[in-house]
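Structure data follow from start.cif (mmCIF, C-alpha atoms):
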```
data_start
loop_
_atom_site.label_atom_id
_atom_site.label_comp_id
_atom_site.auth_asym_id
_atom_site.auth_seq_id
_atom_site.Cartn_x
_atom_site.Cartn_y
_atom_site.Cartn_z
CA MET A 29 103.66 3.86 141.47
CA GLY A 30 104.15 5.11 137.95
CA ASN A 31 102.86 8.58 138.85
CA LEU A 32 103.62 8.70 142.55
CA CYS A 33 106.76 10.77 142.15
CA THR A 34 104.77 13.43 140.33
CA CYS A 35 102.46 14.00 143.29
CA PHE A 36 105.06 16.32 144.75
CA ASP A 37 105.24 18.40 141.62
CA ARG A 38 104.29 22.04 142.19
CA GLU A 39 101.71 22.07 139.43
CA THR A 40 99.86 19.19 141.06
CA VAL A 41 99.64 20.98 144.41
CA GLU A 42 98.53 24.35 143.06
CA LYS A 43 94.78 25.03 143.28
CA ARG A 44 92.81 25.45 140.09
CA PRO A 45 90.79 28.71 139.81
CA VAL A 46 87.13 28.29 140.86
CA ALA A 47 84.60 29.34 138.23
CA LYS A 48 82.34 32.22 139.27
CA ARG A 49 78.60 31.58 139.53
CA VAL A 50 75.75 33.98 138.85
CA GLN A 51 74.38 35.40 142.10
CA HIS A 52 70.81 34.55 143.11
CA HIS A 53 69.24 37.50 144.91
CA GLN A 54 66.92 35.33 146.99
CA ASN A 55 70.00 33.96 148.80
CA GLY A 56 71.53 37.31 149.51
CA PRO A 57 74.31 39.24 147.79
CA ASN A 58 77.15 37.22 149.30
CA SER A 59 75.65 33.73 149.06
CA SER A 60 77.45 32.79 145.85
CA ASN A 61 80.78 33.90 147.29
CA ARG A 62 80.19 31.76 150.36
CA TRP A 63 79.28 28.79 148.10
CA ALA A 64 82.42 29.27 146.02
CA ARG A 65 84.56 29.45 149.15
CA ALA A 66 82.89 26.34 150.54
CA ARG A 67 83.49 24.41 147.29
CA SER A 68 87.07 25.61 147.15
CA SER A 69 87.63 24.55 150.74
CA ARG A 70 86.16 21.08 150.13
CA LYS A 71 88.24 20.71 146.96
CA ASP A 72 91.38 21.76 148.81
CA LYS A 73 90.72 19.14 151.46
CA LEU A 74 90.12 16.47 148.81
CA ASP A 75 93.32 17.43 147.01
CA ASP A 76 95.23 17.31 150.27
CA ALA A 77 93.74 13.91 151.09
CA VAL A 78 94.71 12.49 147.69
CA ILE A 79 98.23 13.85 148.03
CA GLN A 80 98.53 12.37 151.52
CA GLU A 81 97.32 8.96 150.29
CA GLN A 82 99.77 9.00 147.39
CA ALA A 83 102.63 10.07 149.64
CA LEU A 84 101.74 7.33 152.14
CA ALA A 85 101.68 4.71 149.35
CA ALA A 86 105.06 5.92 148.14
CA ALA A 87 106.48 5.73 151.65
CA ILE A 88 105.14 2.21 152.18
CA LEU A 89 106.58 0.96 148.88
CA PHE A 90 109.87 2.67 149.63
CA ARG A 91 109.98 0.99 153.06
CA GLN A 92 109.30 -2.40 151.44
CA HIS A 93 112.23 -1.84 149.09
CA GLN A 94 114.43 -1.01 152.09
CA GLN A 95 113.40 -4.16 153.94
CA GLN A 96 114.03 -6.34 150.88
CA ASN A 97 117.51 -4.88 150.57
CA GLY A 98 118.56 -5.24 154.17
CA GLY A 99 117.46 -1.78 155.24
CA ALA A 100 119.81 -0.02 152.85
CA SER A 101 118.82 3.42 151.66
CA LEU A 102 117.63 3.46 148.05
CA PRO A 103 117.78 6.55 145.83
CA PHE A 104 114.77 7.40 143.67
CA ASP A 105 115.54 7.86 140.03
CA ARG A 106 113.21 10.36 138.40
CA ALA A 107 113.92 8.86 134.98
CA THR A 108 112.38 5.55 136.06
CA SER A 109 108.82 5.34 137.32
CA LEU A 110 109.17 2.04 139.16
CA ARG A 111 111.98 -0.31 140.07
CA TYR A 112 111.44 -4.00 140.54
CA PRO A 113 113.53 -5.72 143.22
CA ASN A 114 114.77 -9.17 142.29
CA SER A 115 114.48 -12.09 144.68
CA SER A 116 118.20 -12.70 144.22
CA SER A 117 119.07 -9.09 144.96
CA GLY A 118 121.33 -10.16 147.79
CA SER A 119 124.08 -10.77 145.22
CA LYS A 120 123.78 -7.21 143.96
CA LYS A 121 125.43 -4.16 145.42
CA ALA A 122 123.76 -2.85 148.55
CA GLY A 123 121.32 -0.07 147.87
CA GLN A 124 120.73 -0.91 144.22
CA LEU A 125 117.63 -2.13 142.45
CA PRO A 126 117.55 -3.56 138.92
CA ARG A 127 116.37 -0.96 136.47
CA SER A 128 113.13 -1.60 134.63
CA SER A 129 110.56 0.19 132.57
CA SER A 130 107.48 2.05 133.77
CA ALA A 131 104.71 0.29 135.66
CA ARG A 132 102.04 1.73 133.38
CA ALA A 133 99.99 -0.81 131.42
CA ARG A 134 101.78 -2.03 128.32
CA SER A 135 100.84 -4.09 125.31
CA LEU A 136 101.13 -7.80 126.00
CA THR A 137 102.36 -8.29 122.45
CA ASP A 138 105.65 -6.58 123.29
CA PRO A 139 107.70 -8.74 125.68
CA LEU A 140 110.36 -6.05 126.04
CA LEU A 141 107.95 -3.92 128.01
CA GLN A 142 106.99 -6.47 130.66
CA PRO A 143 109.24 -5.58 133.61
CA HIS A 144 108.80 -8.91 135.42
CA GLN A 145 110.44 -10.65 132.45
CA LEU A 146 113.60 -8.56 132.49
CA VAL A 147 116.81 -10.56 132.35
CA ASN A 148 118.77 -10.85 135.56
CA GLN A 149 121.86 -8.82 134.79
CA ASP A 150 123.98 -10.14 137.64
CA ILE A 151 126.98 -10.53 135.35
CA LYS A 152 130.61 -9.76 136.06
CA LEU A 153 131.44 -7.81 132.93
CA ASP A 154 135.11 -7.51 133.89
CA ASN A 155 135.52 -11.26 133.33
CA LEU A 156 134.31 -11.10 129.72
CA GLU A 157 136.62 -10.95 126.76
CA THR A 158 134.54 -8.01 125.59
CA ASN A 159 131.22 -6.43 126.53
CA HIS A 160 130.87 -4.48 123.27
CA PHE A 161 128.30 -5.69 120.73
CA VAL A 162 128.30 -4.32 117.18
CA LEU A 163 124.91 -4.90 115.55
CA VAL A 164 124.64 -5.16 111.75
CA HIS A 165 121.19 -5.04 110.18
CA GLY A 166 119.87 -7.07 107.27
CA GLY A 167 118.94 -6.06 103.76
CA GLY A 168 116.44 -3.20 103.71
CA PHE A 169 116.68 -2.69 107.45
CA GLY A 170 118.73 -0.10 109.33
CA ALA A 171 120.25 0.48 112.74
CA TRP A 172 116.73 1.40 113.90
CA CYS A 173 115.67 -2.27 113.96
CA TRP A 174 117.96 -2.95 116.96
CA TYR A 175 116.35 -0.42 119.30
CA LYS A 176 115.04 -3.06 121.72
CA THR A 177 118.31 -4.99 121.70
CA ILE A 178 120.32 -1.83 122.34
CA ALA A 179 118.10 -0.92 125.28
CA LEU A 180 118.41 -4.38 126.84
CA LEU A 181 122.17 -4.62 126.36
CA GLU A 182 122.79 -1.19 127.84
CA GLU A 183 120.40 -2.02 130.68
CA GLY A 184 122.77 -4.85 131.60
CA GLY A 185 125.92 -2.76 131.42
CA PHE A 186 126.98 -3.85 127.93
CA LYS A 187 128.01 -1.48 125.18
CA ALA A 188 126.02 -1.64 121.95
CA THR A 189 126.77 -0.04 118.60
CA ALA A 190 124.35 -0.36 115.67
CA VAL A 191 125.59 0.80 112.28
CA ASP A 192 123.70 1.98 109.20
CA LEU A 193 125.28 0.33 106.18
CA THR A 194 125.63 2.43 103.03
CA GLY A 195 122.24 3.48 101.70
CA SER A 196 120.43 2.05 104.72
CA GLY A 197 118.57 3.58 107.63
CA ILE A 198 119.44 7.27 107.79
CA HIS A 199 122.54 6.91 105.60
CA SER A 200 121.95 9.38 102.79
CA PHE A 201 123.58 7.46 99.92
CA ASP A 202 121.34 6.33 97.05
CA THR A 203 120.93 2.55 97.24
CA ASN A 204 120.91 2.29 93.45
CA GLY A 205 124.47 3.64 93.30
CA ILE A 206 126.01 0.85 95.38
CA THR A 207 128.16 -1.36 93.17
CA SER A 208 130.07 -3.66 95.57
CA LEU A 209 129.92 -5.35 98.95
CA SER A 210 132.92 -3.36 100.15
CA GLN A 211 131.05 -0.13 99.42
CA TYR A 212 127.91 -1.37 101.12
CA ALA A 213 129.78 -2.56 104.23
CA LYS A 214 132.09 0.48 104.44
CA PRO A 215 130.44 2.04 107.55
CA LEU A 216 131.09 -1.26 109.36
CA THR A 217 134.67 -1.68 108.20
CA ASP A 218 135.40 1.98 108.96
CA PHE A 219 134.13 1.47 112.49
CA LEU A 220 136.22 -1.66 113.05
CA GLU A 221 139.30 0.00 111.59
CA LYS A 222 139.04 2.82 114.15
CA LEU A 223 138.88 0.54 117.17
CA HIS A 224 141.75 0.99 119.60
CA GLU A 225 144.59 -1.49 119.46
CA GLY A 226 143.70 -4.62 121.39
CA GLU A 227 139.99 -3.74 121.54
CA LYS A 228 137.61 -6.50 120.45
CA VAL A 229 133.89 -6.68 119.77
CA ILE A 230 131.15 -9.26 119.36
CA LEU A 231 129.89 -8.87 115.82
CA VAL A 232 126.20 -9.64 115.19
CA GLY A 233 124.74 -9.94 111.70
CA HIS A 234 121.11 -10.38 110.68
CA ASP A 235 119.85 -11.53 107.28
CA PHE A 236 122.11 -10.07 104.54
CA GLY A 237 124.14 -8.59 107.37
CA GLY A 238 125.62 -12.07 107.74
CA ALA A 239 127.50 -11.60 104.47
CA CYS A 240 128.68 -8.20 105.68
CA ILE A 241 130.08 -9.44 108.96
CA SER A 242 131.74 -12.36 107.12
CA TYR A 243 133.47 -9.81 104.88
CA ALA A 244 134.55 -7.86 107.97
CA MET A 245 135.79 -11.03 109.71
CA GLU A 246 138.14 -11.66 106.79
CA LEU A 247 139.52 -8.11 107.09
CA PHE A 248 139.72 -7.73 110.89
CA PRO A 249 139.77 -11.18 112.53
CA PHE A 250 141.95 -9.90 115.40
CA LYS A 251 139.32 -7.29 116.34
CA ILE A 252 136.38 -9.69 116.53
CA ALA A 253 136.04 -11.91 119.59
CA LYS A 254 132.93 -13.69 118.37
CA ALA A 255 130.53 -13.52 115.45
CA VAL A 256 126.81 -14.19 115.83
CA PHE A 257 124.62 -14.95 112.81
CA VAL A 258 120.94 -14.26 113.51
CA ALA A 259 118.75 -15.78 110.78
CA ALA A 260 121.61 -14.63 108.59
CA ALA A 261 123.44 -15.50 105.40
CA MET A 262 126.39 -17.58 106.63
CA LEU A 263 128.27 -18.23 103.41
CA THR A 264 131.20 -20.39 102.40
CA ASN A 265 134.25 -19.33 100.42
CA GLY A 266 133.31 -18.42 96.83
CA GLN A 267 129.59 -18.24 97.59
CA SER A 268 127.31 -15.21 97.14
CA THR A 269 124.11 -14.38 98.97
CA LEU A 270 122.23 -14.99 95.72
CA ASP A 271 123.79 -18.47 95.54
CA MET A 272 122.51 -19.14 99.04
CA PHE A 273 118.97 -17.99 98.25
CA SER A 274 118.98 -19.97 95.03
CA LEU A 275 119.12 -23.13 97.14
CA GLN A 276 115.46 -22.57 97.98
CA ALA A 277 114.41 -21.49 94.50
CA GLY A 278 110.81 -22.48 93.88
CA SER A 279 110.11 -23.20 97.55
CA ASN A 280 109.48 -19.66 98.78
CA ASP A 281 106.61 -18.19 96.81
CA LEU A 282 106.10 -15.43 99.40
CA MET A 283 109.62 -14.12 98.89
CA ARG A 284 109.17 -14.06 95.11
CA GLN A 285 105.85 -12.27 95.42
CA ALA A 286 107.29 -9.65 97.76
CA GLN A 287 110.35 -8.79 95.64
CA ILE A 288 110.19 -5.71 93.42
CA PHE A 289 113.27 -5.23 91.24
CA VAL A 290 114.39 -1.65 90.68
CA TYR A 291 116.04 -0.74 87.35
CA ALA A 292 117.52 2.69 87.98
CA ASN A 293 119.78 2.37 84.92
CA GLY A 294 117.00 1.29 82.59
CA ASN A 295 115.26 -1.99 81.89
CA ASP A 296 118.00 -3.05 79.48
CA HIS A 297 120.51 -3.10 82.35
CA PRO A 298 120.71 -5.36 85.44
CA PRO A 299 118.62 -4.43 88.46
CA THR A 300 120.18 -1.91 90.82
CA ALA A 301 118.12 -2.74 93.90
CA ILE A 302 115.39 -4.95 95.31
CA ASP A 303 112.44 -3.41 97.10
CA LEU A 304 109.83 -5.31 99.11
CA ASP A 305 106.07 -5.04 98.72
CA LYS A 306 104.89 -3.23 101.85
CA SER A 307 101.61 -5.16 101.88
CA LEU A 308 103.56 -8.43 102.31
CA LEU A 309 106.08 -7.26 104.90
CA ARG A 310 104.17 -8.66 107.88
CA ASP A 311 103.78 -12.14 106.40
CA LEU A 312 107.34 -12.29 105.11
CA LEU A 313 109.41 -10.70 107.88
CA PHE A 314 107.23 -9.96 110.91
CA ASN A 315 104.63 -12.73 111.23
CA GLN A 316 105.24 -12.99 115.00
CA SER A 317 106.12 -9.34 115.69
CA PRO A 318 104.10 -6.56 117.41
CA SER A 319 102.04 -4.35 115.11
CA LYS A 320 103.85 -1.19 116.16
CA ASP A 321 107.19 -2.66 115.05
CA VAL A 322 105.67 -3.64 111.71
CA ALA A 323 104.48 -0.06 111.37
CA LEU A 324 107.97 1.22 112.18
CA ALA A 325 109.47 -1.06 109.55
CA SER A 326 106.93 -0.10 106.91
CA VAL A 327 108.04 3.54 107.04
CA SER A 328 111.75 2.88 107.65
CA MET A 329 112.83 0.08 105.31
CA ARG A 330 114.74 0.96 102.15
CA PRO A 331 115.59 -0.99 98.97
CA ILE A 332 118.33 -3.62 99.12
CA PRO A 333 121.33 -2.95 96.82
CA PHE A 334 121.54 -5.68 94.19
CA ALA A 335 125.27 -5.75 93.33
CA PRO A 336 126.43 -6.85 96.84
CA VAL A 337 123.91 -9.71 96.75
CA LEU A 338 125.64 -11.01 93.60
CA GLU A 339 129.18 -10.73 94.95
CA LYS A 340 130.99 -13.94 95.87
CA LEU A 341 132.91 -13.82 99.13
CA SER A 342 136.56 -14.68 99.52
CA LEU A 343 136.91 -16.28 102.95
CA SER A 344 140.04 -17.96 104.32
CA ASP A 345 140.48 -20.39 107.18
CA GLU A 346 143.35 -18.30 108.55
CA LYS A 347 141.28 -15.13 108.94
CA TYR A 348 137.53 -15.69 108.69
CA GLY A 349 137.92 -19.21 110.02
CA SER A 350 139.82 -18.06 113.10
CA VAL A 351 136.81 -16.15 114.50
CA ARG A 352 134.44 -18.05 116.77
CA ARG A 353 131.03 -18.31 115.07
CA PHE A 354 127.56 -18.89 116.52
CA TYR A 355 124.23 -19.25 114.76
CA ILE A 356 120.76 -18.39 116.06
CA GLU A 357 117.94 -20.17 114.22
CA THR A 358 114.49 -18.63 113.85
CA PRO A 359 111.97 -21.48 113.40
CA GLU A 360 108.97 -19.28 112.43
CA ASP A 361 110.97 -17.56 109.68
CA ASN A 362 109.21 -17.07 106.34
CA ALA A 363 112.09 -15.24 104.65
CA ILE A 364 114.94 -17.68 105.37
CA PRO A 365 113.14 -20.92 106.28
CA THR A 366 114.63 -23.29 108.82
CA VAL A 367 115.57 -25.76 106.08
CA LEU A 368 117.78 -23.15 104.45
CA GLN A 369 119.27 -22.09 107.77
CA GLU A 370 120.17 -25.68 108.59
CA SER A 371 121.67 -26.10 105.14
CA MET A 372 124.04 -23.19 105.78
CA ILE A 373 124.90 -24.57 109.21
CA SER A 374 125.71 -27.98 107.72
CA SER A 375 127.87 -26.44 104.98
CA SER A 376 129.93 -24.39 107.44
CA PRO A 377 129.34 -25.59 111.01
CA PRO A 378 129.67 -22.90 113.68
CA GLU A 379 130.88 -23.52 117.22
CA LYS A 380 127.33 -23.66 118.57
CA VAL A 381 123.76 -23.36 117.27
CA PHE A 382 120.90 -21.83 119.26
CA ARG A 383 117.22 -22.25 118.37
CA LEU A 384 115.04 -19.26 119.28
CA LYS A 385 111.57 -20.73 119.77
CA GLY A 386 108.71 -18.62 118.41
CA ALA A 387 110.97 -16.22 116.52
CA ASP A 388 110.12 -14.95 113.05
CA HIS A 389 112.70 -13.47 110.67
CA SER A 390 113.00 -10.42 112.96
CA PRO A 391 113.65 -11.79 116.47
CA PHE A 392 114.76 -8.36 117.68
CA PHE A 393 111.05 -7.50 117.41
CA SER A 394 109.28 -10.82 118.01
CA ARG A 395 111.53 -12.27 120.74
CA PRO A 396 113.73 -9.42 122.06
CA GLN A 397 114.12 -10.78 125.60
CA ALA A 398 115.00 -14.30 124.48
CA LEU A 399 117.41 -12.95 121.86
CA HIS A 400 119.06 -10.80 124.49
CA LYS A 401 119.49 -13.79 126.80
CA LEU A 402 121.28 -15.65 124.02
CA PHE A 403 123.57 -12.69 123.40
CA VAL A 404 124.46 -12.59 127.09
CA GLU A 405 125.04 -16.35 127.12
CA ILE A 406 127.30 -16.15 124.08
CA SER A 407 129.26 -13.27 125.61
CA LYS A 408 130.01 -15.42 128.69
CA LEU A 409 131.25 -18.47 126.77
CA PRO A 410 134.94 -18.91 127.60
CA PRO A 411 137.54 -19.75 124.97
CA PRO A 412 137.42 -23.42 123.95
#
```
Go through the file and emit its structure as structure tokens.
Amino acid sequence: MGNLCTCFDRETVEKRPVAKRVQHHQNGPNSSNRWARARSSRKDKLDDAVIQEQALAAAILFRQHQQQNGGASLPFDRATSLRYPNSSSGSKKAGQLPRSSSARARSLTDPLLQPHQLVNQDIKLDNLETNHFVLVHGGGFGAWCWYKTIALLEEGGFKATAVDLTGSGIHSFDTNGITSLSQYAKPLTDFLEKLHEGEKVILVGHDFGGACISYAMELFPFKIAKAVFVAAAMLTNGQSTLDMFSLQAGSNDLMRQAQIFVYANGNDHPPTAIDLDKSLLRDLLFNQSPSKDVALASVSMRPIPFAPVLEKLSLSDEKYGSVRRFYIETPEDNAIPTVLQESMISSSPPEKVFRLKGADHSPFFSRPQALHKLFVEISKLPPP
């Protein structure tokens, strides 16, 4: 039904001009005109027949939707090619169908675009402590990496905000000029500071974004309902991200091969940033992800500022420790292997640990539906 709605478009109904043919005198001076009229007439009938068949198919499908929803009248949304009724639709509002993506053929490597797998969004958002997710990308990434997650959250009625940290994504600042974690995380802390009084969010951090949300949790614990670490640096007090990565020193050859240190201040000064070898991105970060997302990353990723990676966090039990924490493990991760993830979990146990089967270091690409389900599940967890 992906194109059924377009069958009523004026351009579809209009007749195309018939090409003129050279007259053949043996058939008489008007024979070619009669032939052209005959062809045009046959074509008009064929066009009309196709339109009628398409309209009939649309009517039948529309009637099926009505029957499945108790005969209620269902509006057509021009922005959506096809809507998929859910077998449990009786619990939904009368006359509504769950939104989905187009019925056109999609790549089987991208689970986000398989409508039959969409998450049942029959959730009472009013009963949640908050329905607002704030998504914080990892080192080198940007807000762009959350595009699937944003779409799924908003599809279910949640609010999603993805921030570009300083020098990341489309943020114009030069990565080499970042000298502290507070400077790097400023777009996040500015956003949290501007939240209305009493408003809370669920803070999600990926990769190096884990250190950033930890820093924000120490500053604004009363504005954060829950914190979710997705294959992220979950540090302890006095620990830096470099300290965490040093725990696997010598065991991750791929990471060492991919790192390219940038010395913007000269080789006699410390590195200012870390870039990643584009030829190794797939193996390191996207070994289970669709090719088109790898292509997006290859043209969108930026260097990682080095100074914030060195900075040791100051985290207190009264502030950082008062925020409910959850960790999502990614077992196919080549950047932060499971052993390192479990080491961080053991050093600072969160409230609950989830294991995202089949996920690489970028589950928002490799397992977007499953990641979304976990986010929804975490949002519904009541206070302990």
Nearby residues (all atoms listed in the file) at most 10 Å from Ser328 (chain A), same-chain spacing under 6 positions excluded, as a count of residues only: 9
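Taken over the shown file, the PyMOL selection byres ((chain A and resi 260-263) around 6) identifies His234, Asp235, Phe236, Gly238, Ala239, Phe257, Val258, Ala259, Thr264 and Gln267 of chain A.
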Writer output for current selection, C-alpha atoms, as a PDB file, keeping the file's coordinate frame:
```
ATOM      1  CA  HIS A 234     121.110 -10.380 110.680  1.00  0.00           C
ATOM      2  CA  ASP A 235     119.850 -11.530 107.280  1.00  0.00           C
ATOM      3  CA  PHE A 236     122.110 -10.070 104.540  1.00  0.00           C
ATOM      4  CA  GLY A 238     125.620 -12.070 107.740  1.00  0.00           C
ATOM      5  CA  ALA A 239     127.500 -11.600 104.470  1.00  0.00           C
ATOM      6  CA  PHE A 257     124.620 -14.950 112.810  1.00  0.00           C
ATOM      7  CA  VAL A 258     120.940 -14.260 113.510  1.00  0.00           C
ATOM      8  CA  ALA A 259     118.750 -15.780 110.780  1.00  0.00           C
ATOM      9  CA  THR A 264     131.200 -20.390 102.400  1.00  0.00           C
ATOM     10  CA  GLN A 267     129.590 -18.240  97.590  1.00  0.00           C
TER      11      GLN A 267
END
```
Coordinates-based distance that separates CA of Arg383 (chain A) from CA of Pro410 (chain A) (Å, one decimal): 20.3 Å
Selection near Asn155 (chain A), 12 Å with only C-alpha atoms, sequence-local residues under 6 positions removed, as a list in words: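 Surrounding residues, per the criterion: Ser407, Lys408, Leu409 and Pro410 of chain A.
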Distance criterion (only C-alpha atoms): nearest to Ser350 (chain A) out of A:Tyr175, A:Phe273, A:Phe248, A:Tyr212: A:Phe248
